[in-house]
file model.txt (compact mmCIF, C-alpha atoms)
# COMPACT_ATOMS: atom_id res chain seq x y z
CA MET A 1 109.87 62.05 82.77
CA ASP A 2 110.32 65.83 82.67
CA GLN A 3 107.39 68.21 82.46
CA GLU A 4 107.88 69.11 78.78
CA ARG A 5 107.91 65.51 77.63
CA TYR A 6 104.93 64.78 79.85
CA GLU A 7 102.95 67.63 78.26
CA ALA A 8 103.95 66.49 74.77
CA LEU A 9 102.84 62.95 75.56
CA LYS A 10 99.56 64.18 77.02
CA GLN A 11 98.96 66.21 73.86
CA LYS A 12 99.67 63.20 71.64
CA VAL A 13 97.32 60.99 73.62
CA ARG A 14 94.63 63.64 73.39
CA GLU A 15 95.10 63.92 69.63
CA ASP A 16 94.98 60.17 69.19
CA LEU A 17 91.80 59.99 71.22
CA LEU A 18 90.29 62.83 69.25
CA ALA A 19 91.22 61.12 66.00
CA SER A 20 89.69 57.84 67.08
CA ARG A 21 86.61 59.33 68.70
CA GLY A 22 86.40 62.86 67.36
CA PRO A 23 83.79 64.24 64.96
CA ILE A 24 85.41 62.75 61.84
CA ALA A 25 85.64 59.31 63.40
CA GLN A 26 81.99 59.62 64.40
CA ALA A 27 80.94 60.60 60.90
CA LEU A 28 82.84 57.63 59.45
CA ARG A 29 81.90 55.07 62.08
CA HIS A 30 79.74 53.05 59.68
CA VAL A 31 82.22 53.23 56.79
CA ARG A 32 84.02 49.92 56.44
CA HIS A 33 86.86 50.83 54.12
CA ARG A 34 88.36 54.25 53.60
CA VAL A 35 90.51 54.47 50.50
CA ALA A 36 92.30 57.56 49.25
CA VAL A 37 93.05 58.05 45.56
CA PHE A 38 96.24 59.90 45.04
CA SER A 39 98.50 61.19 42.31
CA GLY A 40 101.73 63.10 42.44
CA LYS A 41 100.64 65.57 39.83
CA GLY A 42 97.42 66.84 38.35
CA GLY A 43 95.97 65.89 35.01
CA VAL A 44 96.52 62.13 35.28
CA GLY A 45 92.81 61.32 35.36
CA LYS A 46 92.55 60.62 39.07
CA THR A 47 88.99 61.89 39.33
CA VAL A 48 87.76 59.85 36.37
CA ALA A 49 89.51 56.77 37.76
CA THR A 50 87.95 57.37 41.19
CA VAL A 51 84.47 57.80 39.78
CA ASN A 52 84.68 54.71 37.61
CA LEU A 53 86.17 52.59 40.36
CA GLY A 54 83.35 53.72 42.63
CA ALA A 55 80.72 53.02 40.00
CA THR A 56 82.17 49.55 39.42
CA LEU A 57 82.04 48.74 43.12
CA CYS A 58 78.44 49.96 43.13
CA GLN A 59 77.61 47.66 40.23
CA MET A 60 79.06 44.80 42.30
CA GLY A 61 76.58 45.59 45.05
CA TYR A 62 78.73 47.61 47.43
CA ARG A 63 77.60 50.86 49.03
CA VAL A 64 80.03 53.52 47.95
CA GLY A 65 80.61 57.15 48.81
CA ILE A 66 83.03 59.59 47.23
CA PHE A 67 84.46 62.56 49.08
CA ASP A 68 85.89 65.14 46.72
CA ALA A 69 88.73 66.70 48.68
CA ASP A 70 90.08 68.78 45.81
CA LEU A 71 88.99 72.32 46.65
CA SER A 72 90.70 73.93 43.67
CA GLY A 73 89.30 71.69 40.98
CA PRO A 74 86.29 69.84 42.43
CA ALA A 75 85.26 67.74 39.45
CA ILE A 76 83.53 64.73 40.99
CA PRO A 77 79.92 66.02 40.75
CA LYS A 78 80.29 67.00 37.11
CA THR A 79 81.93 63.68 36.24
CA LEU A 80 79.00 61.87 37.82
CA GLY A 81 76.31 64.18 36.52
CA VAL A 82 75.34 65.10 40.08
CA LEU A 83 73.51 68.39 40.09
CA GLY A 84 72.05 70.15 43.06
CA ARG A 85 73.41 71.52 46.26
CA LEU A 86 74.15 69.99 49.62
CA GLU A 87 71.40 70.88 52.08
CA VAL A 88 71.77 71.23 55.81
CA THR A 89 69.76 68.51 57.53
CA ASP A 90 70.10 69.41 61.18
CA SER A 91 68.53 72.81 61.30
CA HIS A 92 65.34 73.71 63.13
CA PRO A 93 64.29 76.53 65.47
CA GLY A 94 66.54 76.53 68.53
CA HIS A 95 69.13 74.20 67.02
CA HIS A 96 71.21 74.74 63.92
CA GLN A 97 74.19 72.56 63.14
CA LEU A 98 76.10 72.01 59.95
CA ARG A 99 75.16 68.46 58.96
CA PHE A 100 74.63 67.26 55.38
CA ASP A 101 73.24 64.24 53.64
CA PRO A 102 75.42 63.38 50.66
CA LEU A 103 74.00 63.83 47.19
CA LEU A 104 73.02 60.63 45.46
CA SER A 105 74.10 60.00 41.89
CA LYS A 106 71.91 58.12 39.43
CA PHE A 107 74.38 55.25 39.68
CA GLY A 108 74.00 54.77 43.41
CA LEU A 109 77.10 56.59 44.57
CA LYS A 110 76.90 59.04 47.45
CA VAL A 111 78.85 62.21 46.73
CA VAL A 112 80.12 65.13 48.74
CA SER A 113 82.07 67.91 47.11
CA VAL A 114 82.69 71.56 47.79
CA ALA A 115 81.41 72.09 44.25
CA SER A 116 78.00 71.15 45.63
CA ILE A 117 77.99 74.02 48.08
CA TRP A 118 79.60 76.81 46.15
CA PRO A 119 77.05 79.07 44.46
CA SER A 120 78.85 79.35 41.15
CA GLU A 121 81.14 77.16 39.04
CA GLU A 122 83.08 80.20 37.94
CA THR A 123 83.78 81.55 41.44
CA PRO A 124 87.06 80.10 42.72
CA ILE A 125 87.56 79.05 46.31
CA MET A 126 90.33 81.29 47.52
CA TRP A 127 90.91 79.82 50.94
CA ARG A 128 94.45 79.77 52.22
CA GLY A 129 96.55 77.08 53.88
CA ALA A 130 95.14 76.26 57.28
CA HIS A 131 91.64 77.40 56.31
CA ARG A 132 91.56 74.84 53.50
CA MET A 133 92.54 72.03 55.82
CA ARG A 134 90.11 73.07 58.51
CA SER A 135 87.32 73.24 55.96
CA ILE A 136 88.01 69.81 54.55
CA ARG A 137 87.98 68.39 58.07
CA GLN A 138 84.82 70.32 58.87
CA PHE A 139 83.07 68.85 55.83
CA LEU A 140 84.34 65.35 56.50
CA ALA A 141 82.86 65.54 59.98
CA ALA A 142 79.59 67.09 58.86
CA VAL A 143 78.36 64.42 56.45
CA ASN A 144 75.77 61.79 57.33
CA TRP A 145 77.43 59.03 55.31
CA GLY A 146 75.40 56.25 56.82
CA HIS A 147 76.48 52.67 56.20
CA LEU A 148 79.07 52.42 53.43
CA ASP A 149 81.30 49.63 52.29
CA PHE A 150 83.74 52.06 50.69
CA LEU A 151 84.50 55.71 50.99
CA LEU A 152 86.78 56.82 48.18
CA VAL A 153 88.54 60.08 48.91
CA ASP A 154 89.63 61.93 45.80
CA LEU A 155 92.68 63.80 47.05
CA PRO A 156 94.05 66.99 45.55
CA PRO A 157 97.17 66.44 43.45
CA GLY A 158 100.60 66.68 45.04
CA THR A 159 102.08 65.83 48.38
CA GLY A 160 101.69 69.16 50.17
CA ASP A 161 100.10 70.17 53.45
CA GLU A 162 96.58 69.63 52.26
CA VAL A 163 97.11 66.04 51.18
CA GLN A 164 99.02 65.20 54.33
CA ALA A 165 96.37 66.81 56.52
CA ILE A 166 93.56 64.90 54.85
CA MET A 167 95.36 61.60 55.05
CA SER A 168 96.18 62.05 58.70
CA SER A 169 92.63 63.20 59.45
CA ILE A 170 90.95 60.04 58.21
CA PRO A 171 91.06 57.50 61.04
CA GLN A 172 91.81 53.90 60.06
CA LEU A 173 92.62 54.71 56.46
CA SER A 174 92.58 51.37 54.65
CA GLY A 175 95.07 52.48 52.06
CA MET A 176 95.93 54.52 49.00
CA ILE A 177 95.55 53.93 45.32
CA VAL A 178 98.11 55.79 43.21
CA ILE A 179 97.35 56.95 39.70
CA THR A 180 100.08 57.72 37.20
CA THR A 181 100.43 58.06 33.45
CA PRO A 182 103.16 56.55 31.24
CA GLN A 183 105.10 59.81 31.08
CA GLY A 184 108.45 59.88 32.82
CA ILE A 185 107.58 63.07 34.65
CA SER A 186 104.44 61.57 36.09
CA ALA A 187 106.31 58.49 37.22
CA MET A 188 108.96 60.65 38.85
CA VAL A 189 106.42 62.71 40.77
CA CYS A 190 104.48 59.58 41.65
CA SER A 191 107.50 58.01 43.28
CA LYS A 192 107.66 61.02 45.59
CA ALA A 193 103.95 60.60 46.30
CA ILE A 194 104.40 56.93 47.19
CA ASN A 195 107.28 57.77 49.52
CA ALA A 196 105.16 60.50 51.11
CA ALA A 197 102.35 58.01 51.69
CA ARG A 198 104.78 55.63 53.35
CA GLU A 199 106.07 58.38 55.62
CA LEU A 200 102.51 58.95 56.70
CA ASN A 201 102.09 55.21 57.36
CA ALA A 202 99.42 54.90 54.70
CA PRO A 203 99.55 51.51 52.95
CA VAL A 204 99.81 51.80 49.17
CA LEU A 205 97.35 49.23 47.88
CA GLY A 206 98.10 49.51 44.21
CA LEU A 207 99.30 51.62 41.32
CA ILE A 208 97.27 52.27 38.19
CA GLU A 209 98.62 53.58 34.91
CA ASN A 210 96.00 55.77 33.24
CA MET A 211 96.01 57.09 29.65
CA SER A 212 98.21 54.14 28.86
CA TRP A 213 97.55 53.77 25.17
CA LEU A 214 95.10 54.62 22.41
CA ASP A 215 93.61 52.04 20.07
CA CYS A 216 93.84 53.45 16.56
CA PRO A 217 90.24 53.91 15.36
CA HIS A 218 91.25 52.82 11.85
CA CYS A 219 93.52 49.83 12.23
CA GLY A 220 93.12 49.02 15.93
CA GLU A 221 96.86 49.23 16.58
CA ALA A 222 97.76 50.28 20.12
CA ILE A 223 99.52 53.63 20.10
CA SER A 224 101.54 54.47 23.21
CA ILE A 225 101.20 58.21 22.99
CA PHE A 226 102.92 58.93 26.30
CA GLY A 227 105.48 56.17 26.32
CA LYS A 228 105.31 52.58 27.45
CA GLY A 229 105.87 50.47 30.51
CA ARG A 230 106.84 53.16 32.98
CA GLY A 231 103.91 52.55 35.29
CA GLU A 232 104.79 48.90 35.74
CA ARG A 233 108.49 49.71 36.15
CA LEU A 234 107.62 52.32 38.73
CA ALA A 235 105.49 49.83 40.65
CA ARG A 236 108.36 47.32 40.64
CA MET A 237 110.85 49.96 41.69
CA MET A 238 108.66 51.17 44.55
CA ASP A 239 107.58 47.64 45.52
CA VAL A 240 103.92 48.43 45.00
CA PRO A 241 101.32 46.11 43.38
CA PHE A 242 100.69 47.09 39.77
CA TRP A 243 96.98 46.93 39.09
CA GLY A 244 97.06 47.52 35.37
CA ARG A 245 96.53 50.03 32.62
CA ILE A 246 93.57 52.09 31.48
CA PRO A 247 93.56 53.15 27.84
CA ILE A 248 92.66 56.56 26.47
CA SER A 249 89.40 56.26 24.64
CA PRO A 250 86.94 58.58 22.93
CA GLU A 251 84.23 56.90 25.00
CA MET A 252 85.93 58.09 28.19
CA GLY A 253 85.97 61.70 27.02
CA GLU A 254 82.35 61.51 25.94
CA CYS A 255 81.29 60.00 29.26
CA VAL A 256 83.09 62.64 31.33
CA ASP A 257 81.27 65.35 29.42
CA GLU A 258 77.94 63.60 29.83
CA GLY A 259 78.45 62.86 33.52
CA ILE A 260 78.12 59.10 33.10
CA PRO A 261 80.86 56.71 34.21
CA VAL A 262 82.28 54.80 31.23
CA VAL A 263 81.78 51.55 33.16
CA VAL A 264 78.03 52.29 33.09
CA LYS A 265 77.61 53.54 29.54
CA TYR A 266 80.18 51.29 27.82
CA PRO A 267 80.65 48.29 30.11
CA GLN A 268 82.32 46.27 27.33
CA ALA A 269 84.88 48.94 26.50
CA ARG A 270 88.50 48.03 27.20
CA ALA A 271 88.74 50.84 29.73
CA SER A 272 85.73 49.47 31.59
CA GLN A 273 87.14 45.96 31.63
CA ALA A 274 90.46 47.28 32.95
CA ILE A 275 88.70 49.22 35.72
CA LYS A 276 86.66 46.17 36.68
CA ASP A 277 89.87 44.18 37.09
CA MET A 278 91.22 46.97 39.28
CA ALA A 279 88.13 46.93 41.44
CA LEU A 280 88.64 43.18 41.94
CA LYS A 281 92.26 43.84 42.93
CA LEU A 282 91.05 46.45 45.42
CA LEU A 283 88.69 43.91 46.97
CA GLU A 284 91.46 41.34 47.10
CA SER A 285 93.93 43.74 48.68
CA LEU A 286 91.45 44.55 51.46
CA ASN A 287 90.29 40.93 51.84
CA VAL A 288 86.71 41.81 51.04
CA GLU A 289 84.59 38.97 49.66
CA GLY A 290 81.15 40.41 49.23
CA PRO A 291 78.78 43.12 50.36
CA MET A 292 77.39 42.74 53.86
CA SER A 293 73.76 43.05 54.77
CA VAL A 294 72.95 45.71 57.38
CA GLU A 295 72.41 42.97 60.02
CA GLU A 296 75.77 41.40 59.28
CA GLU A 297 77.38 44.80 59.40
CA GLU A 298 75.89 45.66 62.77
CA ALA A 299 77.02 42.31 64.11
CA HIS A 300 80.48 42.95 62.72
CA GLU A 301 80.64 46.35 64.37
CA LYS A 302 79.87 44.73 67.72
CA HIS A 303 82.35 41.87 67.21
CA PRO A 304 84.94 43.00 64.68
CA HIS A 305 87.04 39.85 65.00
CA ALA A 306 84.26 37.34 64.54
CA HIS A 307 83.90 35.65 61.12
CA HIS A 308 81.21 37.09 58.91
CA HIS A 309 80.24 36.66 55.30
CA GLY A 310 82.19 39.30 53.44
CA HIS A 311 85.49 38.74 55.27
CA ARG A 312 88.11 36.12 55.01
CA ASP A 313 91.30 35.57 56.97
CA CYS A 314 89.83 36.79 60.24
CA PRO A 315 91.43 35.71 63.52
CA ASP A 316 89.92 32.46 64.81
CA GLU A 317 89.58 33.58 68.41
CA HIS A 318 85.97 34.68 68.11
CA HIS A 319 85.02 32.44 65.24
CA THR A 320 81.25 31.87 65.18
CA MET B 1 67.26 74.23 55.74
CA GLY B 2 68.10 77.90 55.13
CA SER B 3 65.25 80.26 54.54
CA ARG B 4 64.85 82.89 51.90
CA HIS B 5 65.34 86.46 52.95
CA SER B 6 63.79 89.71 51.91
CA ASP B 7 66.22 92.44 50.94
CA LEU B 8 65.84 93.96 54.41
CA SER B 9 66.71 90.81 56.32
CA GLU B 10 69.52 90.11 53.82
CA GLU B 11 71.09 93.41 54.84
CA VAL B 12 70.53 92.58 58.51
CA LEU B 13 72.28 89.24 58.08
CA TYR B 14 75.20 90.83 56.24
CA ARG B 15 75.61 93.37 59.02
CA GLN B 16 75.37 90.65 61.66
CA VAL B 17 78.09 88.63 59.96
CA LEU B 18 80.20 91.72 59.42
CA GLU B 19 79.98 92.52 63.12
CA LEU B 20 80.84 88.93 64.07
CA GLY B 21 83.78 88.87 61.69
CA THR B 22 85.05 92.19 62.97
CA ARG B 23 84.90 90.91 66.53
CA VAL B 24 86.97 87.81 65.63
CA PHE B 25 89.37 90.01 63.71
CA GLU B 26 89.86 92.09 66.88
CA TRP B 27 90.42 88.97 68.98
CA LEU B 28 93.04 87.68 66.56
CA GLY B 29 94.68 91.08 66.73
CA LEU B 30 94.69 91.05 70.52
CA PHE B 31 96.21 87.59 70.48
CA GLY B 32 98.86 88.70 68.00
CA ARG B 33 99.79 91.58 70.28
CA GLU B 34 99.89 89.16 73.24
CA GLN B 35 96.96 90.93 74.89
CA MET B 36 94.92 87.72 74.88
CA THR B 37 96.04 84.23 75.73
CA LEU B 38 95.67 81.30 73.36
CA GLU B 39 93.28 79.64 75.79
CA GLU B 40 91.05 82.72 75.95
CA LEU B 41 91.05 82.99 72.15
CA GLU B 42 90.15 79.32 71.81
CA LYS B 43 87.34 79.67 74.34
CA ARG B 44 85.87 82.70 72.56
CA LEU B 45 86.12 81.10 69.13
CA GLU B 46 84.46 77.89 70.28
CA ASN B 47 81.44 79.95 71.31
CA VAL B 48 81.40 82.43 68.47
CA GLY B 49 78.20 80.96 67.01
CA ALA B 50 79.20 81.17 63.35
CA GLU B 51 78.21 77.60 62.57
CA GLU B 52 74.72 78.23 63.88
CA ILE B 53 74.24 81.27 61.65
CA LEU B 54 75.72 79.39 58.70
CA ALA B 55 73.44 76.38 59.20
CA GLN B 56 70.38 78.54 59.76
CA ASN B 57 70.89 80.51 56.54
CA TRP B 58 72.56 77.82 54.49
CA GLY B 59 70.10 77.37 51.66
CA TRP B 60 69.96 81.07 51.01
CA LEU B 61 73.72 81.61 51.26
CA ILE B 62 74.56 79.00 48.63
CA GLU B 63 71.87 80.18 46.26
CA LYS B 64 73.65 83.01 44.45
CA PRO B 65 77.22 84.12 43.72
CA SER B 66 76.38 87.54 45.20
CA HIS B 67 76.13 85.87 48.61
CA VAL B 68 79.68 84.52 48.43
CA PRO B 69 81.27 87.37 50.47
CA CYS B 70 78.94 86.59 53.37
CA LEU B 71 79.38 82.82 52.91
CA GLU B 72 83.15 83.16 52.92
CA VAL B 73 83.27 85.09 56.18
CA LEU B 74 80.87 82.70 57.90
CA GLN B 75 82.68 79.64 56.59
CA LEU B 76 86.04 80.95 57.76
CA LEU B 77 84.68 81.74 61.21
CA SER B 78 82.81 78.44 61.55
CA SER B 79 85.86 76.42 60.54
CA LEU B 80 87.88 78.29 63.18
CA GLU B 81 85.10 77.55 65.65
CA LYS B 82 85.23 73.81 64.98
CA GLU B 83 88.86 73.14 64.16
CA PHE B 84 90.87 75.72 66.08
CA HIS B 85 92.45 73.19 68.38
CA TYR B 86 93.48 70.92 65.51
CA GLN B 87 95.04 73.79 63.61
CA VAL B 88 97.03 75.14 66.51
CA SER B 89 98.25 71.73 67.65
CA LYS B 90 99.31 70.70 64.12
CA TYR B 91 100.56 73.98 62.71
CA GLY B 92 101.21 76.21 65.67
CA PHE B 93 99.60 79.48 66.64
CA THR B 94 101.53 81.40 63.96
CA SER B 95 99.22 79.79 61.41
CA LEU B 96 96.51 82.10 62.77
CA PHE B 97 98.25 84.96 61.04
CA ASP B 98 97.07 83.61 57.69
CA ASP B 99 93.52 83.57 59.00
CA TYR B 100 93.91 87.14 60.18
CA LYS B 101 94.95 88.20 56.68
CA GLU B 102 92.23 86.19 55.02
CA LEU B 103 89.61 87.62 57.35
CA VAL B 104 90.74 91.15 56.50
CA SER B 105 90.23 90.43 52.82
CA ALA B 106 86.89 88.64 53.32
CA LEU B 107 85.49 91.41 55.53
CA ALA B 108 86.50 94.03 52.96
CA LYS B 109 84.44 92.24 50.31
CA LEU B 110 81.50 91.90 52.68
CA ARG B 111 81.67 95.58 53.53
CA GLN B 112 81.32 96.35 49.84
CA SER B 113 78.17 94.25 49.74
CA VAL B 114 76.79 96.06 52.78
CA ALA B 115 77.73 99.42 51.26
CA SER B 116 75.76 98.55 48.15
CA TYR B 117 72.58 98.37 50.27
CA LYS B 118 73.18 101.89 51.47
CA GLU B 119 73.73 103.04 47.88
CA ASP B 120 70.52 101.34 46.76
CA ALA B 121 68.65 102.92 49.67
CA ASP B 122 70.06 106.37 48.77
CA MET B 123 69.16 105.89 45.12
CA SER B 124 65.63 104.85 45.92
CA LYS B 125 65.18 108.03 47.97
CA LEU B 126 65.91 110.03 44.83
CA ASP B 127 63.03 108.34 42.95
call {"tool": "encode", "arguments": {"input": "model.txt", "output": "structure tokens"}}
result
Amino acid sequence: MDQERYEALKQKVREDLLASRGPIAQALRHVRHRVAVFSGKGGVGKTVATVNLGATLCQMGYRVGIFDADLSGPAIPKTLGVLGRLEVTDSHPGHHQLRFDPLLSKFGLKVVSVASIWPSEETPIMWRGAHRMRSIRQFLAAVNWGHLDFLLVDLPPGTGDEVQAIMSSIPQLSGMIVITTPQGISAMVCSKAINAARELNAPVLGLIENMSWLDCPHCGEAISIFGKGRGERLARMMDVPFWGRIPISPEMGECVDEGIPVVVKYPQARASQAIKDMALKLLESLNVEGPMSVEEEEAHEKHPHAHHHGHRDCPDEHHT
Amino acid sequence: MGSRHSDLSEEVLYRQVLELGTRVFEWLGLFGREQMTLEELEKRLENVGAEEILAQNWGWLIEKPSHVPCLEVLQLLSSLEKEFHYQVSKYGFTSLFDDYKELVSALAKLRQSVASYKEDADMSKLD
């Protein structure tokens, strides 16, 4: 092997080791499932879908964190009604390190967002290219997430550098959830996003069509404002599981403004029922049966291939 | 947790960060002119101490929009401190040019904040 190839291989090994043992891996070591929520374009309701999916999982008894990786439009705290700022936890005379505890929403979700550190909602974050990616990595590594069943990462829209960097920075990413709307343009951009995810070796767990229809408040007829059926066709075309449709609803708009997930305030609403079904599909796709106790989790971390409550289809080799 | 600062120590902190930022700016310049190796730059950045200052003054820095110029410089420097190796290995050393430009802009804004202390001090002398 010539010297250049040897150096390149050494570099790759070092990067792989850093990824599996580096600061981000350390910060996420007690996070069982890391799921990124992704859309090809903005304005499809990715953040609202992420928040409601997270809240649903919380209602089912899982410990859930949300990392808001959208630096330009960090909307997760507002959508969850999370006020307050992230405080540094590891700072005392002689030793100051950037470590944060996530903020806790009223609904049990742990939240980290750049919106929770920036002094003003009106002041934009004007960081450029590499700085943005470094900062996201820095924040990912700085959070004391603790034991979580799910970390949902709300990605920025698009398939650019930032999204790729985040996806490749999260070790053992369980998969991606793709959000689209019925519009042809969204479906087109989404197909690019799905292909991008595949190029990055990120499994696409499912596709959700948001803003699918509106129930007429007078006669109850379903109105397909943005077209019909494209989400499901896209899923078939891209060979991705279709998880269903979320309707537009006045309740959803009201809940976003109030900072309460619709699944909490209006659990019987059609949107809430749809999201609950999607949460079940997420659990099924990751083979998760139920929340683990802390003891079970610690045992699982020591023997990841042994059978524990909360997992099915584990290899039999270390069956206990 | 960050502590509150009197106006005097606020100015001292701003000047400290300005000096730190200017030093990093000079290093990036030396590297760009090939008067410093990548290894030397990495070593200096890893020990620049920006994260420590950021963590120590965190609560105060995120309190008000007027502190954003100082926060921006410190955040840029601390992210370079922690993630320099990742950036260079993924995006190459030419990506540092963007940081150089961004630092120029951030330091200019911080200098304005520092200058405002001098103006306030001059005005108060007239009273």
call {"tool": "interface_residues", "arguments": {"input": "model.txt", "of": "chain B", "to": "chain A", "cutoff": "9 Å", "atoms": "all atoms listed in the file", "output": "number ranges by chain"}}
result
B: 1-2, 51-56, 58-59, 61-68, 72, 75-76, 78-80, 82-84, 86-87, 89, 91, 95-96, 98-99, 102
call {"tool": "residues_around", "arguments": {"input": "model.txt", "residues": "Phe25 (chain B)", "least_positions_apart": "6", "cutoff": "10 Å", "atoms": "only C-alpha atoms", "output": "tab-separated table (two decimals) with C-alpha atoms, keeping the file's coordinate frame"}}
result
chain	number	residue	atom	x	y	z
B	19	GLU	CA	79.98	92.52	63.12
B	31	PHE	CA	96.21	87.59	70.48
B	77	LEU	CA	84.68	81.74	61.21
B	99	ASP	CA	93.52	83.57	59.00
B	100	TYR	CA	93.91	87.14	60.18
B	101	LYS	CA	94.95	88.20	56.68
B	102	GLU	CA	92.23	86.19	55.02
B	103	LEU	CA	89.61	87.62	57.35
B	104	VAL	CA	90.74	91.15	56.50
B	107	LEU	CA	85.49	91.41	55.53
call {"tool": "residues_near_point", "arguments": {"input": "model.txt", "point": "(73.7, 62.3, 43.0)", "cutoff": "9 Å", "atoms": "only C-alpha atoms", "output": "PyMOL selection string"}}
result
chain A and resi 77+80-84+102-111
call {"tool": "closest_residue", "arguments": {"input": "model.txt", "among": "B:Gly32, B:Ser9, B:Gly21, B:His85", "to": "Glu46 (chain B)", "atoms": "only C-alpha atoms"}}
result
B:His85
call {"tool": "closest_residue", "arguments": {"input": "model.txt", "among": "A:Val163, A:Asn52, A:Ala235, A:Ile225", "to": "Val264 (chain A)", "atoms": "all atoms listed in the file"}}
result
A:Asn52
call {"tool": "atom_distance", "arguments": {"input": "model.txt", "atom1": "CA of His33 (chain A)", "atom2": "CA of Ala49 (chain A)"}}
result
17.6 Å
call {"tool": "atom_distance", "arguments": {"input": "model.txt", "atom1": "CA of Thr79 (chain A)", "atom2": "CA of Cys255 (chain A)"}}
result
7.9 Å
call {"tool": "residues_around", "arguments": {"input": "model.txt", "residues": "Gly231 (chain A)", "least_positions_apart": "2", "cutoff": "7 Å", "atoms": "all atoms listed in the file", "output": "ChimeraX atom specification"}}
result
/A:180-182,187,209,229,233-235
call {"tool": "atom_distance", "arguments": {"input": "model.txt", "atom1": "CA of Lys276 (chain A)", "atom2": "CA of Met252 (chain A)"}}
result
14.7 Å
call {"tool": "residues_around", "arguments": {"input": "model.txt", "residues": "Ser272 (chain A)", "least_positions_apart": "6", "cutoff": "7 Å", "atoms": "all atoms listed in the file", "output": "number ranges by chain"}}
result
A: 262-263, 266
call {"tool": "closest_residue", "arguments": {"input": "model.txt", "among": "A:Gly259, A:Pro217, A:Gly253, A:Gly206", "to": "Met238 (chain A)", "atoms": "all atoms listed in the file"}}
result
A:Gly206
call {"tool": "closest_residue", "arguments": {"input": "model.txt", "among": "B:Leu18, B:Ala115, B:Leu13, B:Leu30", "to": "Phe97 (chain B)", "atoms": "all atoms listed in the file"}}
result
B:Leu30
call {"tool": "closest_residue", "arguments": {"input": "model.txt", "among": "A:Met60, A:Leu71, A:Ile179, A:Leu28", "to": "Met211 (chain A)", "atoms": "all atoms listed in the file"}}
result
A:Ile179
call {"tool": "decode", "arguments": {"input": "model.txt", "residues": "region 79-103 of chain A", "atoms": "C-alpha atoms", "output": "PDB file, in the first residue's frame"}}
result
ATOM      1  CA  THR A  79     -44.139  25.100  19.224  1.00  0.00           C
ATOM      2  CA  LEU A  80     -43.767  23.399  22.592  1.00  0.00           C
ATOM      3  CA  GLY A  81     -44.243  26.489  24.704  1.00  0.00           C
ATOM      4  CA  VAL A  82     -40.747  26.088  26.130  1.00  0.00           C
ATOM      5  CA  LEU A  83     -39.541  29.382  27.501  1.00  0.00           C
ATOM      6  CA  GLY A  84     -36.267  30.068  29.199  1.00  0.00           C
ATOM      7  CA  ARG A  85     -32.674  29.780  28.232  1.00  0.00           C
ATOM      8  CA  LEU A  86     -30.204  26.936  28.281  1.00  0.00           C
ATOM      9  CA  GLU A  87     -27.892  27.279  31.269  1.00  0.00           C
ATOM     10  CA  VAL A  88     -24.339  26.045  31.493  1.00  0.00           C
ATOM     11  CA  THR A  89     -24.130  23.293  34.093  1.00  0.00           C
ATOM     12  CA  ASP A  90     -20.421  22.603  34.264  1.00  0.00           C
ATOM     13  CA  SER A  91     -19.050  25.904  35.381  1.00  0.00           C
ATOM     14  CA  HIS A  92     -17.341  26.585  38.685  1.00  0.00           C
ATOM     15  CA  PRO A  93     -14.154  28.387  39.749  1.00  0.00           C
ATOM     16  CA  GLY A  94     -11.173  26.758  38.070  1.00  0.00           C
ATOM     17  CA  HIS A  95     -13.240  24.776  35.583  1.00  0.00           C
ATOM     18  CA  HIS A  96     -15.605  26.093  32.952  1.00  0.00           C
ATOM     19  CA  GLN A  97     -16.917  23.891  30.194  1.00  0.00           C
ATOM     20  CA  LEU A  98     -19.842  24.305  27.855  1.00  0.00           C
ATOM     21  CA  ARG A  99     -22.316  21.678  29.066  1.00  0.00           C
ATOM     22  CA  PHE A 100     -26.096  22.108  29.132  1.00  0.00           C
ATOM     23  CA  ASP A 101     -29.071  20.347  30.585  1.00  0.00           C
ATOM     24  CA  PRO A 102     -31.904  20.339  28.061  1.00  0.00           C
ATOM     25  CA  LEU A 103     -34.990  22.388  28.805  1.00  0.00           C
TER      26      LEU A 103
END
